[in-house]
$ cat structure_8.txt   # compact mmCIF, C-alpha atoms and all ligand atoms
# COMPACT_ATOMS: atom_id res chain seq x y z
CA MET D 837 -17.68 9.79 11.78
CA PHE D 838 -17.08 7.95 15.05
CA LEU D 839 -13.47 6.79 15.20
CA PRO D 840 -12.96 3.98 17.69
CA ASN D 841 -9.33 3.30 18.39
CA ASP D 842 -9.29 -0.24 19.66
CA LEU D 843 -7.92 -2.52 16.97
CA SER D 844 -9.79 -5.64 18.11
CA TYR D 845 -13.05 -3.74 18.15
CA ILE D 846 -12.52 -2.28 14.67
CA LEU D 847 -11.64 -5.65 13.14
CA ASN D 848 -14.31 -7.76 14.84
CA GLU D 849 -17.33 -5.55 15.48
CA PHE D 850 -17.18 -1.97 14.25
CA ALA D 851 -19.59 -1.15 11.39
CA GLU D 852 -21.22 -4.58 11.51
CA GLU D 853 -24.96 -4.38 12.16
CA ARG D 854 -25.54 -8.07 12.68
CA GLU D 855 -29.11 -7.67 13.90
CA ASN D 856 -29.94 -6.53 10.34
CA TYR D 857 -28.82 -9.84 8.87
CA PHE D 858 -30.04 -12.65 11.17
CA ASN D 859 -27.14 -12.08 13.63
CA ALA D 860 -24.82 -13.83 11.20
CA VAL D 861 -21.20 -13.47 12.31
CA SER D 862 -20.00 -13.06 8.74
CA PRO D 863 -21.69 -10.21 6.83
CA PRO D 864 -23.74 -10.88 3.70
CA ILE D 865 -22.35 -10.18 0.24
CA MET D 866 -24.90 -7.70 -1.05
CA GLN D 867 -24.53 -8.67 -4.68
CA THR D 868 -26.84 -6.06 -6.19
CA SER D 869 -26.35 -3.32 -8.76
CA ASN D 870 -29.32 -1.14 -7.74
CA PHE D 871 -31.72 -0.33 -4.90
CA THR D 872 -35.50 0.28 -5.17
CA PHE D 873 -37.61 3.23 -4.01
CA LYS D 874 -41.31 3.62 -3.21
CA LYS D 875 -41.42 7.43 -3.30
CA VAL D 876 -40.27 9.79 -6.03
CA ASP D 877 -39.15 12.19 -3.32
CA ASP D 878 -36.84 9.56 -1.83
CA LEU D 879 -35.38 8.90 -5.26
CA ARG D 880 -34.85 12.64 -5.70
CA THR D 881 -32.99 12.78 -2.37
CA ALA D 882 -30.79 9.86 -3.42
CA PHE D 883 -29.92 11.54 -6.72
CA ALA D 884 -29.01 14.76 -4.92
CA ASP D 885 -26.28 13.05 -2.88
CA GLU D 886 -25.18 9.53 -3.76
CA MET D 887 -22.90 9.43 -0.75
CA THR D 888 -25.68 9.46 1.84
CA GLY D 889 -27.90 6.62 0.62
CA TYR D 890 -28.06 3.46 -1.47
CA LEU D 891 -28.99 4.14 -5.10
CA TYR D 892 -26.58 2.21 -7.32
CA SER D 893 -23.56 0.08 -6.39
CA ARG D 894 -21.11 2.19 -8.40
CA GLY D 895 -21.64 4.62 -5.52
CA LEU D 896 -22.44 2.91 -2.22
CA ASN D 897 -22.99 -0.77 -1.46
CA PRO D 898 -23.75 -2.17 2.04
CA THR D 899 -20.98 -4.81 2.04
CA VAL D 900 -18.44 -2.26 0.85
CA GLU D 901 -19.69 0.17 3.54
CA ILE D 902 -18.62 -2.22 6.30
CA LEU D 903 -15.10 -2.37 4.88
CA ARG D 904 -15.04 1.36 4.20
CA LYS D 905 -15.84 2.27 7.80
CA LYS D 906 -13.32 -0.20 9.18
CA MET D 907 -10.53 1.04 6.89
CA ALA D 908 -11.18 4.71 7.74
CA ALA D 909 -11.06 3.86 11.45
CA LEU D 910 -7.79 1.93 10.99
CA ASP D 911 -6.24 4.87 9.15
CA GLY D 912 -7.45 7.30 11.82
CA ALA D 913 -9.22 9.20 9.03
CA GLU D 914 -12.63 10.85 8.91
CA ASP D 915 -13.54 8.87 5.82
CA CYS D 916 -12.23 6.72 3.01
CA LEU D 917 -13.10 5.10 -0.31
CA VAL D 918 -12.43 1.49 -1.21
CA LEU D 919 -11.53 0.98 -4.85
CA SER D 920 -11.00 -2.01 -7.10
CA ASN D 921 -7.21 -1.90 -6.60
CA GLY D 922 -4.42 0.26 -5.22
CA ALA D 923 -3.58 1.81 -8.58
CA ALA D 924 -7.18 3.05 -8.93
CA ALA D 925 -7.07 4.55 -5.42
CA ARG D 926 -3.81 6.33 -6.15
CA PHE D 927 -5.02 7.58 -9.55
CA ALA D 928 -8.24 9.00 -8.09
CA GLY D 929 -6.34 10.78 -5.32
CA VAL D 930 -3.82 12.37 -7.67
CA LEU D 931 -6.29 13.30 -10.41
CA ALA D 932 -8.64 14.99 -7.94
CA ASN D 933 -5.91 17.34 -6.79
CA VAL D 934 -4.23 18.64 -9.95
CA LYS D 935 -5.39 20.81 -12.82
CA ALA D 936 -3.75 22.20 -15.96
CA GLY D 937 -0.67 24.25 -15.11
CA ASP D 938 -0.06 22.59 -11.73
CA HIS D 939 3.17 20.99 -10.56
CA VAL D 940 3.75 17.87 -8.49
CA VAL D 941 6.77 17.05 -6.32
CA SER D 942 7.14 13.26 -6.06
CA VAL D 943 9.68 11.06 -4.34
CA ARG D 944 11.95 9.38 -6.87
CA ASN D 945 11.29 5.78 -7.92
CA PRO D 946 7.71 5.62 -6.65
CA TYR D 947 5.62 2.53 -7.42
CA THR D 948 5.69 1.83 -11.20
CA TRP D 949 2.15 2.99 -11.93
CA ALA D 950 2.53 6.18 -9.90
CA GLN D 951 5.50 7.02 -12.09
CA ARG D 952 3.48 6.23 -15.25
CA THR D 953 0.72 8.57 -14.09
CA PHE D 954 3.22 11.39 -13.56
CA ASP D 955 5.23 10.69 -16.75
CA VAL D 956 2.51 9.70 -19.23
CA ILE D 957 -0.98 10.75 -18.10
CA LEU D 958 -0.54 14.09 -16.29
CA PRO D 959 1.59 15.73 -19.06
CA LYS D 960 -1.38 15.28 -21.42
CA PHE D 961 -3.24 17.77 -19.21
CA GLY D 962 -0.35 20.17 -18.69
CA VAL D 963 0.72 18.98 -15.24
CA THR D 964 4.46 18.56 -14.63
CA THR D 965 6.34 16.53 -12.02
CA THR D 966 9.74 16.88 -10.33
CA TYR D 967 11.25 13.79 -8.70
CA VAL D 968 13.38 14.26 -5.59
CA ASP D 969 15.33 12.19 -3.10
CA GLY D 970 12.74 12.36 -0.32
CA ARG D 971 15.22 11.27 2.37
CA GLU D 972 16.20 14.93 2.70
CA ILE D 973 13.48 17.44 3.51
CA LYS D 974 15.63 20.21 1.96
CA LYS D 975 15.41 18.49 -1.44
CA ILE D 976 11.63 18.43 -1.22
CA GLU D 977 11.55 22.07 -0.14
CA ASN D 978 13.89 23.15 -2.96
CA ALA D 979 11.74 21.39 -5.58
CA VAL D 980 8.58 23.27 -4.59
CA GLN D 981 7.49 25.86 -7.17
CA SER D 982 4.84 28.58 -6.99
CA ASN D 983 2.45 26.25 -8.88
CA THR D 984 3.11 23.11 -6.78
CA THR D 985 -0.20 21.72 -5.51
CA LEU D 986 0.74 18.17 -4.52
CA ILE D 987 3.63 16.46 -2.73
CA TYR D 988 3.54 12.72 -3.39
CA LEU D 989 5.26 10.36 -0.93
CA GLU D 990 5.93 6.65 -0.60
CA SER D 991 7.45 5.69 2.74
CA PRO D 992 9.01 3.20 2.88
CA ASN D 993 9.67 2.64 -0.82
CA SER D 994 8.92 -0.98 -1.71
CA TRP D 995 12.41 -1.82 -3.11
CA ASP D 996 15.02 0.18 -1.19
CA TYR D 997 12.77 1.26 1.72
CA ALA D 998 13.83 4.93 1.48
CA LEU D 999 11.81 6.95 4.01
CA GLN D 1000 10.54 10.48 4.23
CA ASP D 1001 10.14 12.28 7.56
CA LEU D 1002 6.34 12.43 7.42
CA LYS D 1003 5.85 15.05 10.12
CA ALA D 1004 8.47 17.35 8.57
CA VAL D 1005 6.97 17.03 5.08
CA ALA D 1006 3.43 17.60 6.39
CA ASP D 1007 4.55 20.72 8.29
CA LEU D 1008 6.39 22.09 5.24
CA ALA D 1009 3.40 21.43 2.96
CA LYS D 1010 0.91 23.00 5.36
CA SER D 1011 3.02 26.16 5.59
CA LYS D 1012 2.84 26.44 1.80
CA LYS D 1013 -0.78 25.25 1.46
CA ILE D 1014 0.25 22.22 -0.59
CA LEU D 1015 -1.61 18.90 -0.34
CA THR D 1016 0.31 15.80 0.73
CA MET D 1017 -0.47 12.25 -0.35
CA ILE D 1018 1.31 9.02 0.60
CA ASP D 1019 1.44 5.44 -0.60
CA ASN D 1020 1.36 3.59 2.75
CA SER D 1021 1.24 0.08 1.27
CA TYR D 1022 4.43 -1.21 2.91
CA CYS D 1023 3.27 -0.53 6.46
CA THR D 1024 -0.54 -0.63 6.39
CA PRO D 1025 -2.12 1.35 9.27
CA LEU D 1026 -0.94 -1.35 11.70
CA TYR D 1027 2.63 -0.15 11.37
CA GLN D 1028 2.23 3.48 10.27
CA ARG D 1029 -0.59 6.01 10.38
CA PRO D 1030 0.47 8.94 8.17
CA ILE D 1031 -2.69 10.95 8.90
CA ASP D 1032 -1.55 11.16 12.55
CA PHE D 1033 1.53 13.05 11.29
CA GLY D 1034 -0.58 15.51 9.28
CA ILE D 1035 -0.47 13.87 5.83
CA ASP D 1036 -3.70 14.75 3.97
CA LEU D 1037 -4.40 11.72 1.80
CA CYS D 1038 -3.34 8.19 2.63
CA MET D 1039 -3.49 5.49 -0.03
CA GLN D 1040 -2.74 1.81 0.31
CA THR D 1041 -3.21 -1.28 -1.75
CA ALA D 1042 -5.50 -3.76 0.02
CA THR D 1043 -4.36 -6.47 -2.42
CA LYS D 1044 -1.30 -7.19 -0.32
CA TYR D 1045 -1.60 -7.47 3.49
CA ILE D 1046 -5.27 -6.56 3.94
CA GLY D 1047 -6.45 -9.40 1.70
CA GLY D 1048 -3.56 -11.55 2.82
CA HIS D 1049 -4.34 -14.59 0.67
CA SER D 1050 -3.42 -13.51 -2.89
CA ASP D 1051 -6.98 -13.94 -4.09
CA THR D 1052 -8.38 -10.44 -4.58
CA LEU D 1053 -7.35 -6.90 -5.43
CA GLY D 1054 -8.41 -3.75 -3.61
CA GLY D 1055 -7.25 -0.23 -2.76
CA VAL D 1056 -8.03 2.34 -0.08
CA LEU D 1057 -7.90 6.13 -0.10
CA SER D 1058 -8.37 7.92 3.25
CA GLY D 1059 -8.61 11.56 4.23
CA SER D 1060 -10.92 14.26 5.53
CA HIS D 1061 -14.60 13.85 4.88
CA GLN D 1062 -14.54 16.94 2.65
CA MET D 1063 -11.69 15.56 0.51
CA ILE D 1064 -13.22 12.10 0.23
CA LYS D 1065 -16.62 13.54 -0.72
CA LYS D 1066 -14.95 15.62 -3.45
CA ILE D 1067 -13.26 12.51 -4.87
CA PHE D 1068 -16.43 10.41 -4.55
CA ASP D 1069 -18.55 12.90 -6.50
CA SER D 1070 -16.00 13.26 -9.27
CA GLU D 1071 -13.23 10.73 -9.98
CA PHE D 1072 -14.78 7.81 -8.09
CA LEU D 1073 -18.20 7.90 -9.76
CA ASN D 1074 -16.80 8.99 -13.13
CA VAL D 1075 -14.14 6.33 -13.57
CA GLY D 1076 -16.33 3.79 -11.80
CA SER D 1077 -13.47 2.11 -10.01
CA GLY D 1078 -15.17 1.10 -6.76
CA ILE D 1079 -14.59 -2.40 -5.39
CA GLN D 1080 -17.10 -5.20 -6.06
CA PRO D 1081 -19.09 -6.55 -3.05
CA PHE D 1082 -17.54 -10.04 -3.12
CA ASN D 1083 -14.02 -8.63 -3.17
CA ALA D 1084 -14.92 -6.29 -0.30
CA TRP D 1085 -16.17 -9.33 1.63
CA LEU D 1086 -12.85 -11.13 1.05
CA LEU D 1087 -11.02 -8.07 2.41
CA ILE D 1088 -13.25 -7.94 5.53
CA ARG D 1089 -12.35 -11.59 6.07
CA GLY D 1090 -8.67 -10.80 5.57
CA LEU D 1091 -8.82 -8.02 8.16
CA ARG D 1092 -9.90 -10.45 10.90
CA THR D 1093 -6.46 -12.11 10.90
CA LEU D 1094 -4.28 -9.14 9.95
CA PRO D 1095 -2.69 -8.59 13.40
CA ALA D 1096 -1.99 -12.33 13.83
CA ARG D 1097 -0.41 -12.54 10.39
CA PHE D 1098 1.65 -9.40 11.05
CA GLU D 1099 2.97 -10.81 14.33
CA ARG D 1100 4.11 -14.02 12.68
CA ILE D 1101 5.55 -12.37 9.56
CA THR D 1102 7.41 -9.82 11.70
CA ARG D 1103 9.09 -12.61 13.67
CA SER D 1104 9.94 -14.72 10.60
CA THR D 1105 11.27 -11.71 8.69
CA MET D 1106 13.80 -10.94 11.44
CA GLU D 1107 14.95 -14.58 11.34
CA VAL D 1108 15.36 -14.43 7.55
CA VAL D 1109 17.18 -11.06 7.76
CA ASN D 1110 19.58 -12.43 10.38
CA PHE D 1111 20.21 -15.57 8.32
CA LEU D 1112 20.97 -13.58 5.15
CA LYS D 1113 23.24 -11.11 6.99
CA GLN D 1114 25.58 -13.87 8.15
CA HIS D 1115 25.66 -15.84 4.86
CA ASP D 1116 28.94 -15.46 2.97
CA LYS D 1117 27.24 -15.47 -0.47
CA VAL D 1118 25.20 -12.40 0.53
CA GLU D 1119 26.65 -8.87 0.18
CA HIS D 1120 23.96 -6.44 1.44
CA VAL D 1121 20.66 -6.83 3.25
CA ILE D 1122 18.30 -3.86 3.21
CA PHE D 1123 15.50 -3.83 5.78
CA PRO D 1124 14.16 -0.70 7.52
CA PHE D 1125 14.06 -2.25 11.00
CA ASP D 1126 17.63 -3.55 10.86
CA GLU D 1127 20.22 -1.50 12.78
CA SER D 1128 22.37 -1.22 9.65
CA PHE D 1129 19.60 0.62 7.78
CA PRO D 1130 20.73 4.26 7.23
CA GLN D 1131 17.35 5.66 8.31
CA TYR D 1132 16.83 3.19 11.18
CA GLU D 1133 16.21 5.97 13.74
CA LEU D 1134 13.55 7.63 11.58
CA ALA D 1135 11.97 4.23 10.88
CA LYS D 1136 11.65 3.56 14.61
CA LYS D 1137 10.30 7.06 15.18
CA GLN D 1138 7.43 6.98 12.71
CA MET D 1139 6.76 3.26 12.13
CA ARG D 1140 5.49 0.82 14.74
CA GLY D 1141 7.16 -2.05 12.93
CA ALA D 1142 8.34 -3.48 9.63
CA CYS D 1143 7.83 -6.90 8.14
CA GLY D 1144 7.59 -9.03 5.06
CA LEU D 1145 9.58 -7.18 2.43
CA LEU D 1146 13.37 -7.08 2.41
CA THR D 1147 15.98 -6.67 -0.32
CA PHE D 1148 19.40 -8.28 -0.60
CA THR D 1149 22.27 -8.60 -3.06
CA LEU D 1150 24.62 -11.47 -3.79
CA ARG D 1151 28.38 -11.08 -3.48
CA ASN D 1152 29.57 -10.13 -7.00
CA GLY D 1153 25.99 -10.59 -8.18
CA SER D 1154 25.77 -10.98 -11.94
CA CYS D 1155 22.63 -11.39 -14.01
CA GLU D 1156 23.56 -15.10 -14.35
CA SER D 1157 24.18 -15.78 -10.65
CA ILE D 1158 21.00 -13.95 -9.64
CA THR D 1159 19.07 -15.98 -12.22
CA THR D 1160 20.60 -19.25 -10.96
CA PHE D 1161 19.70 -18.36 -7.38
CA CYS D 1162 16.08 -17.42 -8.12
CA GLU D 1163 15.48 -20.45 -10.35
CA SER D 1164 16.99 -22.81 -7.74
CA LEU D 1165 14.47 -22.00 -5.03
CA LYS D 1166 12.17 -24.96 -4.47
CA HIS D 1167 9.45 -23.45 -2.24
CA ILE D 1168 9.76 -19.68 -2.42
CA LEU D 1169 7.80 -18.67 -5.52
CA MET D 1170 8.91 -16.19 -8.16
CA ALA D 1171 6.13 -13.64 -8.70
CA VAL D 1172 5.18 -9.97 -8.38
CA SER D 1173 3.10 -8.72 -5.43
CA TRP D 1174 3.39 -9.63 -1.72
CA GLY D 1175 1.33 -9.68 1.46
CA GLY D 1176 -0.19 -13.13 0.92
CA HIS D 1177 0.39 -16.45 2.69
CA GLU D 1178 3.13 -17.47 0.26
CA SER D 1179 6.73 -16.30 0.30
CA LEU D 1180 7.93 -14.69 -2.90
CA ILE D 1181 11.10 -13.62 -4.64
CA ILE D 1182 11.62 -11.13 -7.46
CA PRO D 1183 14.96 -10.01 -8.93
CA LYS D 1184 15.28 -6.43 -10.20
CA CYS D 1185 17.10 -7.79 -13.27
CA SER D 1186 13.84 -9.37 -14.48
CA GLY D 1187 12.82 -5.84 -15.51
CA ILE D 1188 16.15 -5.10 -17.24
CA ASP D 1189 17.34 -6.25 -20.67
CA PRO D 1190 20.39 -8.48 -19.87
CA LYS D 1191 22.62 -6.36 -22.14
CA ASP D 1192 21.72 -3.27 -20.07
CA PHE D 1193 22.59 -4.97 -16.77
CA ILE D 1194 25.41 -3.03 -15.08
CA ALA D 1195 27.32 -5.23 -12.64
CA GLY D 1196 28.49 -2.22 -10.59
CA ASN D 1197 24.96 -0.86 -10.19
CA MET D 1198 23.70 -2.10 -6.85
CA GLU D 1199 20.06 -1.47 -7.78
CA HIS D 1200 20.36 -3.83 -10.75
CA GLN D 1201 21.48 -6.52 -8.30
CA TYR D 1202 18.49 -6.16 -5.99
CA ILE D 1203 16.65 -9.33 -5.09
CA ARG D 1204 13.45 -8.61 -3.19
CA MET D 1205 11.97 -11.22 -0.92
CA TYR D 1206 8.57 -11.30 0.70
CA VAL D 1207 8.34 -13.47 3.81
CA GLY D 1208 4.92 -15.14 4.04
CA LEU D 1209 3.34 -17.41 6.61
CA GLU D 1210 5.54 -20.50 6.20
CA ASP D 1211 7.88 -21.53 9.04
CA ALA D 1212 11.03 -19.41 9.03
CA SER D 1213 13.17 -22.57 9.16
CA TYR D 1214 11.47 -23.89 6.00
CA LEU D 1215 12.27 -20.63 4.16
CA ILE D 1216 15.83 -20.43 5.46
CA ALA D 1217 16.54 -23.99 4.32
CA ASP D 1218 15.28 -23.12 0.84
CA LEU D 1219 17.35 -19.91 0.69
CA ASN D 1220 20.41 -21.77 1.95
CA GLN D 1221 20.30 -24.56 -0.65
CA ALA D 1222 19.81 -22.01 -3.48
CA LEU D 1223 22.60 -19.74 -2.19
CA ASN D 1224 24.96 -22.69 -2.08
CA LEU D 1225 24.39 -23.28 -5.80
CA VAL D 1226 25.59 -19.82 -6.91
C1 LIG F 1 0.94 -3.30 -5.34
C2 LIG F 1 1.25 -1.88 -5.03
C3 LIG F 1 0.41 -0.84 -5.45
C4 LIG F 1 -0.77 -1.06 -6.35
O1 LIG F 1 -1.75 -1.82 -5.80
P1 LIG F 1 -2.70 -2.74 -6.70
O2 LIG F 1 -3.72 -3.21 -5.73
O3 LIG F 1 -1.83 -3.83 -7.24
O4 LIG F 1 -3.25 -1.89 -7.80
C5 LIG F 1 0.73 0.45 -5.08
N1 LIG F 1 1.83 0.72 -4.33
C6 LIG F 1 2.65 -0.25 -3.91
C7 LIG F 1 3.84 0.12 -3.11
C8 LIG F 1 2.40 -1.58 -4.26
O5 LIG F 1 3.26 -2.53 -3.87
$ encode --input "structure_8.txt" --output "structure tokens" --more "lines below"
Ligand SMILES: *Cc1c(COP(=O)(O)O)cnc(C)c1O
Amino acid sequence: MFLPNDLSYILNEFAEERENYFNAVSPPIMQTSNFTFKKVDDLRTAFADEMTGYLYSRGLNPTVEILRKKMAALDGAEDCLVLSNGAAARFAGVLANVKAGDHVVSVRNPYTWAQRTFDVILPKFGVTTTYVDGREIKKIENAVQSNTTLIYLESPNSWDYALQDLKAVADLAKSKKILTMIDNSYCTPLYQRPIDFGIDLCMQTATKYIGGHSDTLGGVLSGSHQMIKKIFDSEFLNVGSGIQPFNAWLLIRGLRTLPARFERITRSTMEVVNFLKQHDKVEHVIFPFDESFPQYELAKKQMRGACGLLTFTLRNGSCESITTFCESLKHILMAVSWGGHESLIIPKCSGIDPKDFIAGNMEHQYIRMYVGLEDASYLIADLNQALNLV
């Protein structure tokens, strides 16, 4: 597949054949389940390989194709699949690359549903998982067994932003013929392109930054054409988790403004980080592009930027003070997810029974903020008034 590198070209023109739809600037939503044939022979050809022609929208759909080509180009990959959400993309990528008796090495505390796949689904089929602190390549290397077939990464993690050295992990895995897969949701290809470092399979949710407006879900899985074809023919068509045409259209629309949104969010996030760092009610601020971040050098080496998500703790944060703070915010909304126009807050303690909250456990005190598209001064004023109430 042709891989143009210019971002503006990919987002505005690439894969759009406007002369086929009245030169409309915005592509049509091809809301169809099936495609007709005049010749039995043509139908036979379509059955033989669903990935080369339109037969049924569980396989290929023209609106989804536009998004698929753009996302592969952004990832610097030969090919990709667009699925109904990030969890589906991750599940397809993992399932396609393990079989009974295999072993997975995963970074510890991956995204909730990755952990559920490793802990609940894979053991049913005799696949085991070892979790490691991926900040040290030695720990990954030591966890590899003779039956390890997959190393699963998430860099940065979406709560504490722990990184893995992607080039080092890719080199290690290649030397042992182990496949590598990463959850690249925090960065998107704008800020990190894992395939450039030699990672085999790159997954990201499109629900967050790609959509950008909190109105659709989507997920992307990128890799070599051979790998993507294997997943298409098996997990993708079997589970039937491809994205719907209208949702693909929303994501194409979201892509148009992705760089502009990233620029603004990057600027606002630094303002919010700097405000929180100097506030006397705030103990720690964790953000991968802040100089105080323990892996700041690695972040600068392999990421082009960081924005949106940051984590902080309150001085002597208790379950009560964290609750008071979060409930006192007037404009920043309390919700899961991120990447949309609206700024969000979520305290780690919302997932912990209050009687299990350990005051000395920094992780229990985590408050994660997502900086959206509002003015930084508007957000800072809201944070300030809520901090002053704790
Ligand atoms: C949201 C998220 C996912 C899952 O994506 P969905 O589109 O919600 O299924 C995966 N990984 C990370 C880091 C996420 O934040």
$ residues_near_ligand --input "structure_8.txt" --ligand "ligand LIG 1 (chain F)" --cutoff "7 Å" --atoms "all atoms listed in the file" --output "list of chain:residue names"
D:Asn921, D:Gly922, D:Ala923, D:Ala924, D:Tyr947, D:Asn993, D:Ser994, D:Asp1019, D:Ser1021, D:Tyr1022, D:Gln1040, D:Thr1041, D:Ala1042, D:Thr1043, D:Lys1044, D:Leu1053, D:Gly1054, D:Gly1055, D:Ser1173
$ residues_around --input "structure_8.txt" --residues "Lys1136 in chain D" --least-positions-apart "5" --cutoff "12 Å" --atoms "all atoms listed in the file" --output "PyMOL selection string"
chain D and resi 999+1001+1027-1028+1124-1127+1129-1131+1141-1142
$ atom_distance --input "structure_8.txt" --atom1 "CA of Lys905 in chain D" --atom2 "CA of Phe1033 in chain D"
20.7 Å
$ closest_residue --input "structure_8.txt" --among "D:Arg1092, D:Lys1013, D:Arg854, D:Lys935" --to "Lys906 in chain D" --atoms "all atoms listed in the file"
D:Arg1092
$ closest_residue --input "structure_8.txt" --among "D:His1177, D:His1167, D:Lys974, D:Arg894" --to "Ser920 in chain D" --atoms "all atoms listed in the file"
D:Arg894
$ residues_near_point --input "structure_8.txt" --point "(-1.8, -6.5, 4.8)" --cutoff "10 Å" --atoms "all atoms listed in the file" --output "mmCIF file with C-alpha atoms, in the frame of the given file"
data_model
loop_
_atom_site.group_PDB
_atom_site.id
_atom_site.type_symbol
_atom_site.label_atom_id
_atom_site.label_comp_id
_atom_site.auth_asym_id
_atom_site.auth_seq_id
_atom_site.Cartn_x
_atom_site.Cartn_y
_atom_site.Cartn_z
ATOM 1 C CA SER D 1021 1.240 0.080 1.270
ATOM 2 C CA TYR D 1022 4.430 -1.210 2.910
ATOM 3 C CA CYS D 1023 3.270 -0.530 6.460
ATOM 4 C CA THR D 1024 -0.540 -0.630 6.390
ATOM 5 C CA PRO D 1025 -2.120 1.350 9.270
ATOM 6 C CA LEU D 1026 -0.940 -1.350 11.700
ATOM 7 C CA GLN D 1040 -2.740 1.810 0.310
ATOM 8 C CA THR D 1041 -3.210 -1.280 -1.750
ATOM 9 C CA ALA D 1042 -5.500 -3.760 0.020
ATOM 10 C CA THR D 1043 -4.360 -6.470 -2.420
ATOM 11 C CA LYS D 1044 -1.300 -7.190 -0.320
ATOM 12 C CA TYR D 1045 -1.600 -7.470 3.490
ATOM 13 C CA ILE D 1046 -5.270 -6.560 3.940
ATOM 14 C CA GLY D 1047 -6.450 -9.400 1.700
ATOM 15 C CA GLY D 1048 -3.560 -11.550 2.820
ATOM 16 C CA HIS D 1049 -4.340 -14.590 0.670
ATOM 17 C CA LEU D 1087 -11.020 -8.070 2.410
ATOM 18 C CA GLY D 1090 -8.670 -10.800 5.570
ATOM 19 C CA LEU D 1091 -8.820 -8.020 8.160
ATOM 20 C CA THR D 1093 -6.460 -12.110 10.900
ATOM 21 C CA LEU D 1094 -4.280 -9.140 9.950
ATOM 22 C CA PRO D 1095 -2.690 -8.590 13.400
ATOM 23 C CA ARG D 1097 -0.410 -12.540 10.390
ATOM 24 C CA PHE D 1098 1.650 -9.400 11.050
ATOM 25 C CA GLY D 1144 7.590 -9.030 5.060
ATOM 26 C CA TRP D 1174 3.390 -9.630 -1.720
ATOM 27 C CA GLY D 1175 1.330 -9.680 1.460
ATOM 28 C CA GLY D 1176 -0.190 -13.130 0.920
#
$ closest_residue --input "structure_8.txt" --among "D:Pro946, D:Pro992, D:Pro864, D:Gly912" --to "Glu852 in chain D" --atoms "only C-alpha atoms"
D:Pro864
$ atom_distance --input "structure_8.txt" --atom1 "CA of Thr948 in chain D" --atom2 "CA of Gly895 in chain D"
28.1 Å
$ residues_around --input "structure_8.txt" --residues "range 1064-1069 of chain D" --least-positions-apart "4" --cutoff "7 Å" --atoms "all atoms listed in the file" --output "PDB file with C-alpha atoms, in the coordinates of the input"
ATOM      1  CA  ASP D 915     -13.540   8.870   5.820  1.00  0.00           C
ATOM      2  CA  CYS D 916     -12.230   6.720   3.010  1.00  0.00           C
ATOM      3  CA  ALA D 928      -8.240   9.000  -8.090  1.00  0.00           C
ATOM      4  CA  ALA D 932      -8.640  14.990  -7.940  1.00  0.00           C
ATOM      5  CA  GLY D1059      -8.610  11.560   4.230  1.00  0.00           C
ATOM      6  CA  SER D1060     -10.920  14.260   5.530  1.00  0.00           C
ATOM      7  CA  LEU D1073     -18.200   7.900  -9.760  1.00  0.00           C
TER       8      LEU D1073
END
$ residues_around --input "structure_8.txt" --residues "Ile1203 in chain D" --least-positions-apart "6" --cutoff "7 Å" --atoms "all atoms listed in the file" --output "VMD selection string"
chain D and resid 1147 to 1149 1182 to 1184
$ write_last_selection --input "structure_8.txt" --atoms "C-alpha atoms" --output "compact mmCIF listing (two decimals), keeping the file's coordinate frame"
# COMPACT_ATOMS: atom_id res chain seq x y z
CA THR D 1147 15.98 -6.67 -0.32
CA PHE D 1148 19.40 -8.28 -0.60
CA THR D 1149 22.27 -8.60 -3.06
CA ILE D 1182 11.62 -11.13 -7.46
CA PRO D 1183 14.96 -10.01 -8.93
CA LYS D 1184 15.28 -6.43 -10.20
$ residues_around --input "structure_8.txt" --residues "Glu901 in chain D" --least-positions-apart "6" --cutoff "9 Å" --atoms "all atoms listed in the file" --output "number ranges by chain"
D: 851, 918, 1084
$ atom_distance --input "structure_8.txt" --atom1 "CA of Tyr845 in chain D" --atom2 "CA of Asp911 in chain D"
14.2 Å
$ closest_residue --input "structure_8.txt" --among "D:Ser1179, D:Thr1052, D:Thr1102, D:Ser1213" --to "Ile1088 in chain D" --atoms "only C-alpha atoms"
D:Thr1052
$ closest_residue --input "structure_8.txt" --among "D:Glu849, D:Glu1099, D:Glu1163, D:Glu914" --to "Asp1218 in chain D" --atoms "only C-alpha atoms"
D:Glu1163
$ closest_residue --input "structure_8.txt" --among "D:Tyr1206, D:Phe883, D:Tyr857, D:Phe954" --to "Trp995 in chain D" --atoms "only C-alpha atoms"
D:Tyr1206
$ residues_around --input "structure_8.txt" --residues "Ala1006 in chain D" --least-positions-apart "3" --cutoff "10 Å" --atoms "all atoms listed in the file" --output "PyMOL selection string"
chain D and resi 987+1001-1003+1009-1012+1014-1017+1030-1031+1033-1036
$ axis_aligned_box --input "structure_8.txt" --around "range 1214-1218 of chain D" --padding-each-side "8 Å" --output "lines of an AutoDock Vina configuration file"
center_x = 14.0
center_y = -22.2
center_z = 3.4
size_x = 21.1
size_y = 19.6
size_z = 21.2
